[in-house]
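Structure first, commentary second.
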Amino acid sequence: MSDSREYAVGTHPDLPPPLSTSGAIGWIRGNLLSSPTNIILTVLSIYFLYKVVPPSLNWLFFDATFNGDSRQDCREASNGAGACWAFVKHRFHLFVYGFYPVEQRWRVDISFILLPLALWPVLFDKVPYRKHLLKFSIAFPFIAGWLLIGGFGLTPVSTDYFGGFMLTLVIGVTGIVFSLPIGVALALGRQSNMPVLRVICVTFIEFIRGVPLITLLFVASTMLNYFLPPGTQFNLLLRVLIMVTLFSAAYIAEVVRGGLQAIPKGQYEAADSMGLKYWQSMQKIILPQALKISIPGIVNTFIGLYKDTTLVIIIGLLDPLGIGRASLADTKWTGLTTEIYVFVAIFFFLSCFSMARYSLYLENKLHTGHKR
Amino acid sequence: MESVEQKRNIISTLWNDKEKRAVIIQIFSIAGLFALVWFMIGNAISNLDALGKGFSFDFLFQPASYDINQHLISYTSRDTHLRATIIGIMNTAMIAVAGIILATVVGFTLGVLRLSKNFLINRIVYIYIEYIRNVPVLLHILLVHGVVVHSLPNPKAAMTFNDSFFLTKRGFFMPSPDFESAMTVVWIALAIGIAFTFWFRRYAKRVQDETGKIFPVFLISFGAVVIFPVLVYFLAGSPITWEIPVLKGFNFKGGMVVRPEFLALWLALSLYTAAFIAEIVRAGIIAVSHGQTEAAYALGLRPGRTTQLIVIPQALRVIVPPLTSQYLNLTKNSSLAIAIGYMDIVATIGGISLNQTGREMECMIIVLALYLIFSLSISSVMNWYNKRIKLVER
Amino acid sequence: MSEAQTSKMAVSDETVIKIHKMHKWYGSFHVLKDINLDVKRGERIVVCGPSGSGKSTMIRCINRLEEHQQGDIIVDGVELTNDLKNIDAIRREVGMVFQHFNLFPHLTILENLSLAPIWVKREPRKQAEETAMRYLERVKIPEQALKYPGQLSGGQQQRVAIARSLCMNPRIMLFDEPTSALDPEMIKEVLDVMIELAEEGRTMICVTHEMGFAKTVANRVIFMDGGEIIEQNEPNEFFDNPQHERTQLFLSQILAH
Ligand SMILES: Nc1ncnc2c1ncn2[C@@H]1O[C@H](COP(=O)(O)OP(=O)(O)O)[C@@H](O)[C@H]1O
Ligand SMILES: [Mg+2]
């Protein structure tokens with residue numbers, strides 16, 4: 001290797017590193033066996049993987065049954081060693097649409113198709129015709145609401161039939177869309193120099209953040225009707241949506257407040273010295289910057305909200321988890337709880353993990369934006 | 001005509017004057033708030049009237065007439081709703097404390113392992129953390145509960161360790177200690193050990209300041225608090241007799257039992273929160289720049305000392321604030337107990353009591369107030385702590 | 001201090017650092033190539049070269065902040081291997097000052113200075129603090145002893161960092177661009193401290209582009225490029241009569257400033 005030869009000054013070539021520190025051997029040495037603790041950790045990890053991975057894969061795929069009409073079929077096919085995915089397959093439409101009338105499902109489908117289109121210009125900034133598409137994004141919740149609920153030419157569908165992933169998306173999307181402006185308003189109120197506004201906003205935010213979501217949902221399902229004029233009939237889903245929206249608004253308010261505080265004082269002063277009115281300076285200078293910093297936090301809040309949609313089963317709405325549990329009442333499929341939980345877990349994992357990755361991507365982009 | 005003009009002028013001057021405008025806005029918002037509250041209370045009164053319910057907390061002193069299987073203080077179904085509520089509070093507190101301890105231990109371990117140079121362990125922990133964080137906590141609770149209730153054996157076929165610990169779908173049965181009188185000596189030994197440790201730490205610091213000598217403080221403290229009492233325990237002739245649970249009929253009798261609901265809730269909540277804590281710990285350690293450890297190494301400090309003197313004190317400043325909010329989250333998430341029938345605040349006063357008495361308003365107010373009191377007291381302690389560490393920094 | 005005086009300062013024949021055929025890789029990137037360097041006790045060496053040429057990496061190998069993969073490094077008769085005892089011994093003899101100071105922000109200046117004497121040398125606190133105060137006086141900021149690093153200017157922080165190293169009384173001092181993170185008006189206060197140190201006859205290896213400093217105090221200037229030592233000479237020769245064309249190019253760029 002290198003030490004055997006002499007080179008003229010300034011002409012030493014790049015040599016490959018000694019074998020013991022490079023290549024597969026070097027990698028294994030450096031990453032797996034560099035110290036006694038490291039060796040122990042490696043051995044433990046391998047043992048753990050050996051114990052966990054093959055059985056899981058067997059249960060999930062190799063021993064699993066994908067076709068059949070009852071649990072009995074699954075048992076016969078695999079001796080009960082693997083998962084019975086036939087069940088999920090059989091009930092898949094329920095998981096997706098809930099009890100939405102079959103002949104009207106195309107409306108849900110269209111909403112599902114429009115959703116990514118509406119999200120696209122919001123999530124990424126290099127999108128052709130972004131300005132116009134953004135208008136569509138703002139209109140989307142209302143279009144989707146019309147499609148799903150009906151009226152104005154479409155057959156009305158009661159929200160009691162909403163369920164499955166569709167319900168998760170309805171609660172999640174409504175929650176984020178409406179909580180964002182409320183959250184921003186609360187954050188501005190909390191930062192304002194009017195004591196009364198500040199106290200109102202702080203009280204609201206701290207109250208919401210101080211109690212668990214499930215208690216708020218209970219309030220919605222048991223107690224909210226008392227506060228409305230006698231005889232008011234108030235849809236349960238709507239009550240839940242209001243609570244979820246207020247709930248995440250309080251959290252978003254805190255995220256946005258962080259963003260507002262992170263903006264250097266100089267920016268506020270500059271806006272003031274330009275003679276801008278409060279709303280002008282907020283709209284043109286402060287908020288765009290503050291929101292930009294807050295986006296990763298907002299996405300994280302949304303992930304939390306999205307996961308929390310599962311809580312609605314406790315007050316009787318049928319999200320995928322609820323659908324699954326309800327399906328178990330069918331004697332043909334009884335006892336398949338693990339399959340349901342795993343299936344729903346995979347669904348949530350995939351959607352939340354991609355959102356988390358997106359938030360990470362934004363964070364990295366922000367940081368490189370600040371560096372020079 | 002003229003007066004209208006004048007009025008308009010007055011309004012516009014008021015509106016354009018910053019301070020006066022602020023006053024107007026505030027007056028209007030107070031008025032709006034009062035109107036809303038007035039409206040809601042009015043509705044509530046007429047709604048309650050229509051149902052002939054009224055608003056009163058008297059029901060708290062009536063018999064609850066339902067059972068709670070886990071109670072730290074005595075409770076029977078003849079006790080009042082108030083006592084049931086107190087049991088609920090205790091159960092919430094118990095799950096919160098136990099959960100916080102386990103979540104902290106697991107979270108810190110995972111966070112440190114996540115920084116390990118060992119590729120395998122690093123990846124395994126990463127996948128585990130991502131899986132846990134991206135699946136709803138309710139699902140975790142139901143999954144773990146499902147495993148405990150469905151996959152664990154019946155008491156007759158219990159998994160056992162040493163024939164004194166039994167893991168069954170009815171819960172985890174353990175021997176319960178029965179203290180003999182000689183146990184007093186051991187308690188005294190423990191007290192002495194703890195007192196000694198407090199004294200020794202100060203003594204060791206003084207000696208180090210005066211002579212430079214460094215004692216192995218951790219080892220000696222460990223010896224005093226753990227090894228010394230254990231030795232005394234054996235010298236005193238092992239003055240604890242264990243009541244071992246025995247199978248009678250369909251279930252175990254005697255000993256202590258961790259009920260399946262508690263077990264499931266505890267594991268699920270702790271593991272869920274631990275994943276978040278792990279990320280917080282990791283971020284906290286990373287936040288201590290590489291330059292800090294290098295400077296310490298260059299001064300001749302060993303890695304262990306560097307961690308103790310340089311990394312931990314700085315990382316803790318970053319870790320503690322988000323850590324406390326995770327503790328708060330865990331406590332609030334414990335309200336999901338109701339999904340598996342663990343009798344916490346929500347399941348007692350906010351659940352069965354509410355349904356039996358039909359006092360939705362009163363019960364929900366109690367539940368909300370309890371959580372609020374708890375959250376606000378924790379966050380005020382946290383704010384105090386944050387201010388304190390900030391002062392030291394600059 | 002005139003040049004004549006400085007160069008008179010004793011340099012013994014004893015070799016304190018011997019680097020022999022040393023190579024280092026970052027992954028598969030060959031960052032240091034065949035480094036050979038002998039440093040005599042009391043010698044003051046300035047290392048210069050373009051950014052990325054491996055200067056920092058080389059001096060960080062000397063106190064094992066970086067590991068080399070081939071060749072030998074012997075410091076004060078102790079060979080650098082994976083042996084923790086050797087590493088400890090060498091780090092006690094070698095002090096280091098970083099570009100970004102790396103003071104401990106959670107400790108006061110006095111605590112920063114007394115930390116290593118207390119925990120490494122096991123000195124009584126009082127003694128460690130007296131030493132610390134002495135060195136703080138030498139770097140002319142005793143009045144800052146009870147403040148925190150965040151409250152000091154960059155120049156003051158760097159002087160504290162120098163004092164912190166000196167508290168361990170190292171025989172060899174390494175400086176990695178100690179002035180390049182400083183505002184111009186603060187550079188001089190740090191250089192003055194370093195010149196004083198040089199006068200004491202402490203062995204110093206200093207990565208810097210302060211050519212005035214090199215001319216005043218160095219016995220030898222080393223030029224590195226592309227991970228190699230291209231040229232080394234005593235300062236007058238080095239600046240007036242550079243041999244290698246890469247050295248000439250580098251100097252012309254630096255002096256054009
Ligand atoms: N930790 C590291 N990992 C990989 N490459 C590195 C690392 N540190 C430095 N390098 C690379 O090694 C080369 C030499 O770096 P350095 O010694 O810092 O140069 P100098 O101090 O002369 O500017 C540079 O190309 C740099 O990018
Ligand atoms: Mg460098």
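Each chain in the structure tokens gets a letter, A, B, ..., in the order shown, and its residues are numbered from 1; ligands are numbered from 1 in order too.
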
In range 200-353 of chain A, DSSP alpha helix (DSSP H) residues written as a PyMOL selection string
chain A and resi 200-210+213-218+236-262+265-273+278-281+287-308+320-327+337-353

Distance cut-off 7 Å, counting only C-alpha atoms - which residues of chain B neighbour chain A? Return them as an NGL selection string.
:B and (22 or 26 or 40-41 or 43-44 or 47 or 117-121 or 131 or 134-136 or 138-139 or 143 or 332-333 or 335 or 339 or 360-361 or 364 or 368 or 371-372 or 375-376)

Would you write out those residues with N, CA and C atoms, as a JSON list (two decimals), in the first residue's frame?
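Saved to again.json:
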[["chain", "number", "residue", "atom", "x", "y", "z"],
["B", 22, "ALA", "N", -58.44, 50.64, 20.56],
["B", 22, "ALA", "CA", -58.19, 49.46, 21.39],
["B", 22, "ALA", "C", -59.25, 49.35, 22.47],
["B", 26, "GLN", "N", -61.97, 46.31, 22.90],
["B", 26, "GLN", "CA", -62.02, 45.52, 24.12],
["B", 26, "GLN", "C", -63.39, 45.55, 24.75],
["B", 40, "MET", "N", -75.87, 31.24, 26.76],
["B", 40, "MET", "CA", -75.69, 29.82, 27.03],
["B", 40, "MET", "C", -76.27, 29.45, 28.39],
["B", 41, "ILE", "N", -76.02, 30.31, 29.39],
["B", 41, "ILE", "CA", -76.55, 29.99, 30.71],
["B", 41, "ILE", "C", -78.08, 30.01, 30.68],
["B", 43, "ASN", "N", -80.02, 29.36, 28.14],
["B", 43, "ASN", "CA", -80.46, 28.12, 27.51],
["B", 43, "ASN", "C", -80.36, 26.96, 28.46],
["B", 44, "ALA", "N", -79.22, 26.90, 29.16],
["B", 44, "ALA", "CA", -79.00, 25.78, 30.06],
["B", 44, "ALA", "C", -80.10, 25.75, 31.12],
["B", 47, "ASN", "N", -83.34, 24.64, 29.55],
["B", 47, "ASN", "CA", -83.27, 23.22, 29.20],
["B", 47, "ASN", "C", -83.37, 22.33, 30.43],
["B", 117, "LYS", "N", -23.49, 4.24, 17.93],
["B", 117, "LYS", "CA", -22.83, 4.09, 16.64],
["B", 117, "LYS", "C", -23.15, 2.74, 16.04],
["B", 118, "ASN", "N", -23.70, 1.84, 16.87],
["B", 118, "ASN", "CA", -24.02, 0.51, 16.39],
["B", 118, "ASN", "C", -25.18, 0.58, 15.39],
["B", 119, "PHE", "N", -24.87, 0.20, 14.16],
["B", 119, "PHE", "CA", -25.83, 0.36, 13.09],
["B", 119, "PHE", "C", -27.13, -0.38, 13.38],
["B", 120, "LEU", "N", -27.01, -1.63, 13.81],
["B", 120, "LEU", "CA", -28.21, -2.45, 14.01],
["B", 120, "LEU", "C", -29.13, -1.87, 15.05],
["B", 121, "ILE", "N", -28.56, -1.57, 16.21],
["B", 121, "ILE", "CA", -29.39, -1.10, 17.31],
["B", 121, "ILE", "C", -30.02, 0.24, 16.94],
["B", 131, "TYR", "N", -42.64, 3.55, 14.45],
["B", 131, "TYR", "CA", -43.88, 2.78, 14.50],
["B", 131, "TYR", "C", -44.76, 3.29, 15.65],
["B", 134, "ASN", "N", -46.30, 6.88, 15.16],
["B", 134, "ASN", "CA", -47.21, 7.13, 14.05],
["B", 134, "ASN", "C", -48.48, 6.29, 14.09],
["B", 135, "VAL", "N", -48.70, 5.65, 15.21],
["B", 135, "VAL", "CA", -49.95, 4.90, 15.37],
["B", 135, "VAL", "C", -50.67, 5.51, 16.57],
["B", 136, "PRO", "N", -51.99, 5.74, 16.45],
["B", 136, "PRO", "CA", -52.71, 6.41, 17.53],
["B", 136, "PRO", "C", -52.58, 5.67, 18.86],
["B", 138, "LEU", "N", -54.68, 5.33, 21.20],
["B", 138, "LEU", "CA", -55.84, 4.49, 21.52],
["B", 138, "LEU", "C", -55.68, 3.10, 20.93],
["B", 139, "LEU", "N", -55.13, 3.06, 19.71],
["B", 139, "LEU", "CA", -54.90, 1.78, 19.06],
["B", 139, "LEU", "C", -53.88, 0.95, 19.84],
["B", 143, "LEU", "N", -54.61, -2.57, 21.38],
["B", 143, "LEU", "CA", -53.76, -3.69, 20.95],
["B", 143, "LEU", "C", -53.17, -4.41, 22.15],
["B", 332, "LYS", "N", -53.01, 13.19, 30.41],
["B", 332, "LYS", "CA", -54.27, 13.44, 29.72],
["B", 332, "LYS", "C", -54.69, 12.21, 28.91],
["B", 333, "ASN", "N", -53.70, 11.55, 28.28],
["B", 333, "ASN", "CA", -54.03, 10.35, 27.51],
["B", 333, "ASN", "C", -54.56, 9.23, 28.38],
["B", 335, "SER", "N", -56.83, 9.30, 30.15],
["B", 335, "SER", "CA", -58.29, 9.33, 30.13],
["B", 335, "SER", "C", -58.86, 8.33, 29.13],
["B", 339, "ALA", "N", -61.73, 3.31, 27.38],
["B", 339, "ALA", "CA", -61.91, 2.40, 26.26],
["B", 339, "ALA", "C", -61.73, 0.94, 26.68],
["B", 360, "GLU", "N", -75.23, 15.31, 33.62],
["B", 360, "GLU", "CA", -74.15, 15.53, 32.65],
["B", 360, "GLU", "C", -73.34, 16.78, 32.99],
["B", 361, "MET", "N", -74.08, 17.85, 33.20],
["B", 361, "MET", "CA", -73.44, 19.15, 33.41],
["B", 361, "MET", "C", -72.48, 19.10, 34.60],
["B", 364, "MET", "N", -69.44, 16.63, 34.13],
["B", 364, "MET", "CA", -68.42, 17.08, 33.19],
["B", 364, "MET", "C", -67.65, 18.26, 33.76],
["B", 368, "LEU", "N", -63.64, 18.22, 33.99],
["B", 368, "LEU", "CA", -62.81, 19.26, 33.35],
["B", 368, "LEU", "C", -62.00, 20.00, 34.41],
["B", 371, "TYR", "N", -58.91, 17.97, 35.61],
["B", 371, "TYR", "CA", -57.78, 17.97, 34.67],
["B", 371, "TYR", "C", -57.13, 19.34, 34.58],
["B", 372, "LEU", "N", -57.97, 20.37, 34.62],
["B", 372, "LEU", "CA", -57.42, 21.73, 34.52],
["B", 372, "LEU", "C", -56.51, 22.04, 35.70],
["B", 375, "SER", "N", -53.27, 20.18, 35.14],
["B", 375, "SER", "CA", -52.42, 20.71, 34.06],
["B", 375, "SER", "C", -51.84, 22.06, 34.42],
["B", 376, "LEU", "N", -52.67, 22.92, 34.96],
["B", 376, "LEU", "CA", -52.19, 24.27, 35.24],
["B", 376, "LEU", "C", -51.12, 24.24, 36.32]]

In Å, with one decimal, what is the gap from CA of Arg41 in chain C to CA of Val11 in chain C?
6.0 Å

Please extract the residues at most 6 Å from ligand 1, counting only C-alpha atoms and all ligand atoms, and provide them as a PDB file with N, CA, C and O atoms, in the first residue's frame, using the chain letters and residue numbers of this document.
ATOM      1  N   TYR C  26     -11.059   9.954   5.730  1.00  0.00           N
ATOM      2  CA  TYR C  26     -12.447  10.069   6.193  1.00  0.00           C
ATOM      3  C   TYR C  26     -13.265   9.194   5.264  1.00  0.00           C
ATOM      4  O   TYR C  26     -13.470   9.552   4.100  1.00  0.00           O
ATOM      5  N   VAL C  31      -7.502  12.125   3.353  1.00  0.00           N
ATOM      6  CA  VAL C  31      -7.409  13.530   3.739  1.00  0.00           C
ATOM      7  C   VAL C  31      -5.986  13.943   4.139  1.00  0.00           C
ATOM      8  O   VAL C  31      -5.559  15.054   3.835  1.00  0.00           O
ATOM      9  N   SER C  51      -8.011  26.500   2.553  1.00  0.00           N
ATOM     10  CA  SER C  51      -9.073  25.849   3.308  1.00  0.00           C
ATOM     11  C   SER C  51      -9.320  24.443   2.765  1.00  0.00           C
ATOM     12  O   SER C  51      -9.319  24.235   1.562  1.00  0.00           O
ATOM     13  N   GLY C  52      -9.478  23.500   3.654  1.00  0.00           N
ATOM     14  CA  GLY C  52      -9.727  22.128   3.237  1.00  0.00           C
ATOM     15  C   GLY C  52      -8.476  21.335   2.962  1.00  0.00           C
ATOM     16  O   GLY C  52      -8.533  20.201   2.510  1.00  0.00           O
ATOM     17  N   SER C  53      -7.310  21.923   3.258  1.00  0.00           N
ATOM     18  CA  SER C  53      -6.067  21.222   2.927  1.00  0.00           C
ATOM     19  C   SER C  53      -5.681  20.211   4.008  1.00  0.00           C
ATOM     20  O   SER C  53      -4.736  19.466   3.829  1.00  0.00           O
ATOM     21  N   GLY C  54      -6.397  20.196   5.110  1.00  0.00           N
ATOM     22  CA  GLY C  54      -6.123  19.182   6.127  1.00  0.00           C
ATOM     23  C   GLY C  54      -5.366  19.701   7.339  1.00  0.00           C
ATOM     24  O   GLY C  54      -4.893  18.913   8.158  1.00  0.00           O
ATOM     25  N   LYS C  55      -5.258  21.025   7.487  1.00  0.00           N
ATOM     26  CA  LYS C  55      -4.492  21.578   8.613  1.00  0.00           C
ATOM     27  C   LYS C  55      -5.131  21.189   9.948  1.00  0.00           C
ATOM     28  O   LYS C  55      -4.464  20.663  10.835  1.00  0.00           O
ATOM     29  N   SER C  56      -6.433  21.458  10.051  1.00  0.00           N
ATOM     30  CA  SER C  56      -7.123  21.129  11.304  1.00  0.00           C
ATOM     31  C   SER C  56      -7.010  19.646  11.586  1.00  0.00           C
ATOM     32  O   SER C  56      -6.689  19.234  12.706  1.00  0.00           O
ATOM     33  N   THR C  57      -7.273  18.855  10.574  1.00  0.00           N
ATOM     34  CA  THR C  57      -7.232  17.416  10.767  1.00  0.00           C
ATOM     35  C   THR C  57      -5.877  16.988  11.294  1.00  0.00           C
ATOM     36  O   THR C  57      -5.782  16.162  12.202  1.00  0.00           O
TER      37      THR C  57
END

Site check for ligand 2: residues at most 12 Å away, only C-alpha atoms and all ligand atoms, as JSON, numbers by chain:
{"C": [47, 48, 49, 50, 51, 52, 53, 54, 55, 56, 57, 58, 59, 60, 98, 99, 100, 175, 176, 177, 178, 179, 180, 181, 206, 207, 208, 209, 224]}

Using N, CA, C and O atoms, can you write the selected residues to a file as a compact mmCIF listing (two decimals), in the first residue's frame?
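again35.txt was written with the following content:
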# COMPACT_ATOMS: atom_id res chain seq x y z
N VAL C 47 1.23 26.74 10.84
CA VAL C 47 0.78 25.93 9.71
C VAL C 47 -0.19 26.77 8.89
O VAL C 47 -1.11 27.37 9.44
N CYS C 48 0.05 26.85 7.59
CA CYS C 48 -0.90 27.56 6.77
C CYS C 48 -1.20 26.76 5.52
O CYS C 48 -0.59 25.71 5.28
N GLY C 49 -2.16 27.22 4.76
CA GLY C 49 -2.55 26.49 3.57
C GLY C 49 -4.00 26.77 3.27
O GLY C 49 -4.72 27.27 4.13
N PRO C 50 -4.41 26.46 2.05
CA PRO C 50 -5.79 26.78 1.68
C PRO C 50 -6.80 26.00 2.52
O PRO C 50 -6.47 24.98 3.11
N SER C 51 -8.01 26.50 2.55
CA SER C 51 -9.07 25.85 3.31
C SER C 51 -9.32 24.44 2.76
O SER C 51 -9.32 24.23 1.56
N GLY C 52 -9.48 23.50 3.65
CA GLY C 52 -9.73 22.13 3.24
C GLY C 52 -8.48 21.34 2.96
O GLY C 52 -8.53 20.20 2.51
N SER C 53 -7.31 21.92 3.26
CA SER C 53 -6.07 21.22 2.93
C SER C 53 -5.68 20.21 4.01
O SER C 53 -4.74 19.47 3.83
N GLY C 54 -6.40 20.20 5.11
CA GLY C 54 -6.12 19.18 6.13
C GLY C 54 -5.37 19.70 7.34
O GLY C 54 -4.89 18.91 8.16
N LYS C 55 -5.26 21.02 7.49
CA LYS C 55 -4.49 21.58 8.61
C LYS C 55 -5.13 21.19 9.95
O LYS C 55 -4.46 20.66 10.83
N SER C 56 -6.43 21.46 10.05
CA SER C 56 -7.12 21.13 11.30
C SER C 56 -7.01 19.65 11.59
O SER C 56 -6.69 19.23 12.71
N THR C 57 -7.27 18.86 10.57
CA THR C 57 -7.23 17.42 10.77
C THR C 57 -5.88 16.99 11.29
O THR C 57 -5.78 16.16 12.20
N MET C 58 -4.81 17.56 10.75
CA MET C 58 -3.48 17.15 11.18
C MET C 58 -3.28 17.47 12.66
O MET C 58 -2.86 16.60 13.42
N ILE C 59 -3.58 18.70 13.07
CA ILE C 59 -3.27 18.98 14.47
C ILE C 59 -4.26 18.28 15.40
O ILE C 59 -3.93 17.97 16.54
N ARG C 60 -5.46 17.97 14.90
CA ARG C 60 -6.40 17.24 15.75
C ARG C 60 -5.99 15.78 15.93
O ARG C 60 -6.42 15.12 16.87
N PHE C 98 -9.60 26.35 20.12
CA PHE C 98 -10.40 26.12 18.92
C PHE C 98 -10.81 27.43 18.26
O PHE C 98 -10.86 28.48 18.89
N GLN C 99 -11.17 27.28 17.00
CA GLN C 99 -11.63 28.45 16.25
C GLN C 99 -12.85 29.09 16.91
O GLN C 99 -12.95 30.29 17.03
N HIS C 100 -13.78 28.23 17.37
CA HIS C 100 -15.02 28.78 17.95
C HIS C 100 -15.03 28.71 19.47
O HIS C 100 -16.07 28.53 20.07
N PHE C 175 -3.14 25.47 18.34
CA PHE C 175 -4.13 26.51 18.05
C PHE C 175 -4.71 26.24 16.68
O PHE C 175 -3.99 26.10 15.71
N ASP C 176 -6.03 26.17 16.58
CA ASP C 176 -6.66 25.94 15.28
C ASP C 176 -7.39 27.22 14.86
O ASP C 176 -8.52 27.46 15.26
N GLU C 177 -6.73 28.01 14.06
CA GLU C 177 -7.29 29.28 13.59
C GLU C 177 -7.95 30.07 14.73
O GLU C 177 -9.14 30.36 14.66
N PRO C 178 -7.20 30.42 15.75
CA PRO C 178 -7.81 31.03 16.93
C PRO C 178 -8.40 32.40 16.67
O PRO C 178 -9.22 32.86 17.46
N THR C 179 -8.00 33.05 15.60
CA THR C 179 -8.50 34.42 15.40
C THR C 179 -9.47 34.54 14.23
O THR C 179 -9.98 35.62 13.97
N SER C 180 -9.73 33.43 13.54
CA SER C 180 -10.48 33.62 12.30
C SER C 180 -11.97 33.78 12.52
O SER C 180 -12.69 34.14 11.60
N ALA C 181 -12.47 33.52 13.77
CA ALA C 181 -13.88 33.77 14.01
C ALA C 181 -14.08 35.12 14.69
O ALA C 181 -15.17 35.42 15.16
N CYS C 206 0.53 26.27 15.51
CA CYS C 206 -0.57 27.21 15.35
C CYS C 206 -1.01 27.26 13.89
O CYS C 206 -0.23 27.63 13.01
N VAL C 207 -2.25 26.85 13.65
CA VAL C 207 -2.81 27.03 12.32
C VAL C 207 -3.33 28.45 12.25
O VAL C 207 -4.18 28.83 13.05
N THR C 208 -2.79 29.24 11.37
CA THR C 208 -3.28 30.61 11.27
C THR C 208 -2.88 31.21 9.94
O THR C 208 -1.95 30.73 9.28
N HIS C 209 -3.60 32.21 9.54
CA HIS C 209 -3.23 32.95 8.34
C HIS C 209 -2.71 34.33 8.69
O HIS C 209 -2.60 35.20 7.83
N MET C 224 0.64 23.56 3.83
CA MET C 224 -0.04 22.31 3.46
C MET C 224 -0.98 22.56 2.30
O MET C 224 -1.59 23.62 2.19

Can you pull out every residue within 6 Å of range 181-198 of chain B, counting only C-alpha atoms, but drop anything in the same chain fewer than 3 positions away, and send it as JSON, numbers by chain?
{"B": [201, 221, 224, 225, 229, 232, 233, 239]}

Could you tell me which residues of chain A sit within 10 Å of chain C when counting only C-alpha atoms, and give me the result as a list in words?
Ser2, Asp3, Glu6, Tyr7, Ala8, Val9, Gly10, Thr11, His12, Pro13, Asp14, Leu15, Pro16, Pro17, Pro18, Ser20, Thr21, Ser22, Gly23, Gly26 and Trp27 of chain A

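Any residue of chain C with an atom no more than 7 Å from chain B counts as a contact; using only C-alpha atoms, that gives Asn63, Leu65, Asp88, Arg91, Arg92, Gly95, Met96, Asn102, Phe104, His106, Ala116, Ile118, Val120, Arg122, Glu123, Pro124, Arg125, Lys126, Tyr148, Gly150, Gln151 and Ser165 of chain C.
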
Can you write just those residues out, N, CA and C atoms, as a short mmCIF file (atom, residue, chain, number, x, y, z; two decimals), in the first residue's frame?
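Now in part_20.cif:
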data_model
loop_
_atom_site.label_atom_id
_atom_site.label_comp_id
_atom_site.auth_asym_id
_atom_site.auth_seq_id
_atom_site.Cartn_x
_atom_site.Cartn_y
_atom_site.Cartn_z
N ASN C 63 -3.71 15.33 19.29
CA ASN C 63 -4.29 14.97 20.60
C ASN C 63 -5.45 13.99 20.45
N LEU C 65 -8.11 13.83 18.73
CA LEU C 65 -9.51 14.14 18.49
C LEU C 65 -9.92 13.46 17.20
N ASP C 88 -4.95 9.56 27.46
CA ASP C 88 -5.06 10.43 28.63
C ASP C 88 -3.76 11.19 28.87
N ARG C 91 -3.20 13.88 26.26
CA ARG C 91 -4.09 15.03 26.35
C ARG C 91 -3.74 15.94 27.52
N ARG C 92 -3.10 15.37 28.57
CA ARG C 92 -2.66 16.25 29.67
C ARG C 92 -1.50 17.14 29.24
N GLY C 95 -2.41 21.11 25.07
CA GLY C 95 -3.59 21.97 25.19
C GLY C 95 -4.07 22.36 23.81
N MET C 96 -5.35 22.70 23.70
CA MET C 96 -5.85 23.06 22.38
C MET C 96 -6.81 24.24 22.46
N ASN C 102 -15.39 27.25 22.04
CA ASN C 102 -15.92 26.08 22.75
C ASN C 102 -15.84 26.21 24.27
N PHE C 104 -17.61 26.37 27.94
CA PHE C 104 -18.81 25.69 28.42
C PHE C 104 -19.82 26.74 28.87
N HIS C 106 -22.63 26.72 30.33
CA HIS C 106 -23.38 26.60 31.58
C HIS C 106 -22.50 26.82 32.80
N ALA C 116 -11.01 21.41 34.59
CA ALA C 116 -10.07 20.33 34.30
C ALA C 116 -9.05 20.13 35.44
N ILE C 118 -9.53 20.49 38.52
CA ILE C 118 -10.21 19.80 39.61
C ILE C 118 -10.50 18.35 39.27
N VAL C 120 -9.38 16.51 36.47
CA VAL C 120 -8.35 15.69 35.85
C VAL C 120 -7.11 15.63 36.74
N ARG C 122 -7.07 16.63 39.84
CA ARG C 122 -7.53 16.46 41.21
C ARG C 122 -6.91 17.48 42.15
N GLU C 123 -6.93 18.72 41.74
CA GLU C 123 -6.42 19.77 42.61
C GLU C 123 -7.52 20.22 43.55
N PRO C 124 -7.17 20.71 44.73
CA PRO C 124 -8.16 21.33 45.59
C PRO C 124 -8.77 22.53 44.87
N ARG C 125 -10.04 22.79 45.15
CA ARG C 125 -10.71 23.86 44.44
C ARG C 125 -9.99 25.19 44.58
N LYS C 126 -9.56 25.44 45.84
CA LYS C 126 -8.97 26.75 46.09
C LYS C 126 -7.73 26.95 45.21
N TYR C 148 -20.72 34.56 32.79
CA TYR C 148 -20.87 33.38 31.94
C TYR C 148 -20.34 33.71 30.55
N GLY C 150 -21.46 33.56 27.62
CA GLY C 150 -22.35 34.32 26.75
C GLY C 150 -22.29 35.82 26.97
N GLN C 151 -21.77 36.24 28.13
CA GLN C 151 -21.75 37.67 28.43
C GLN C 151 -20.47 38.34 27.95
N SER C 165 -6.89 26.41 28.69
CA SER C 165 -5.88 25.41 28.33
C SER C 165 -4.66 25.52 29.21
#
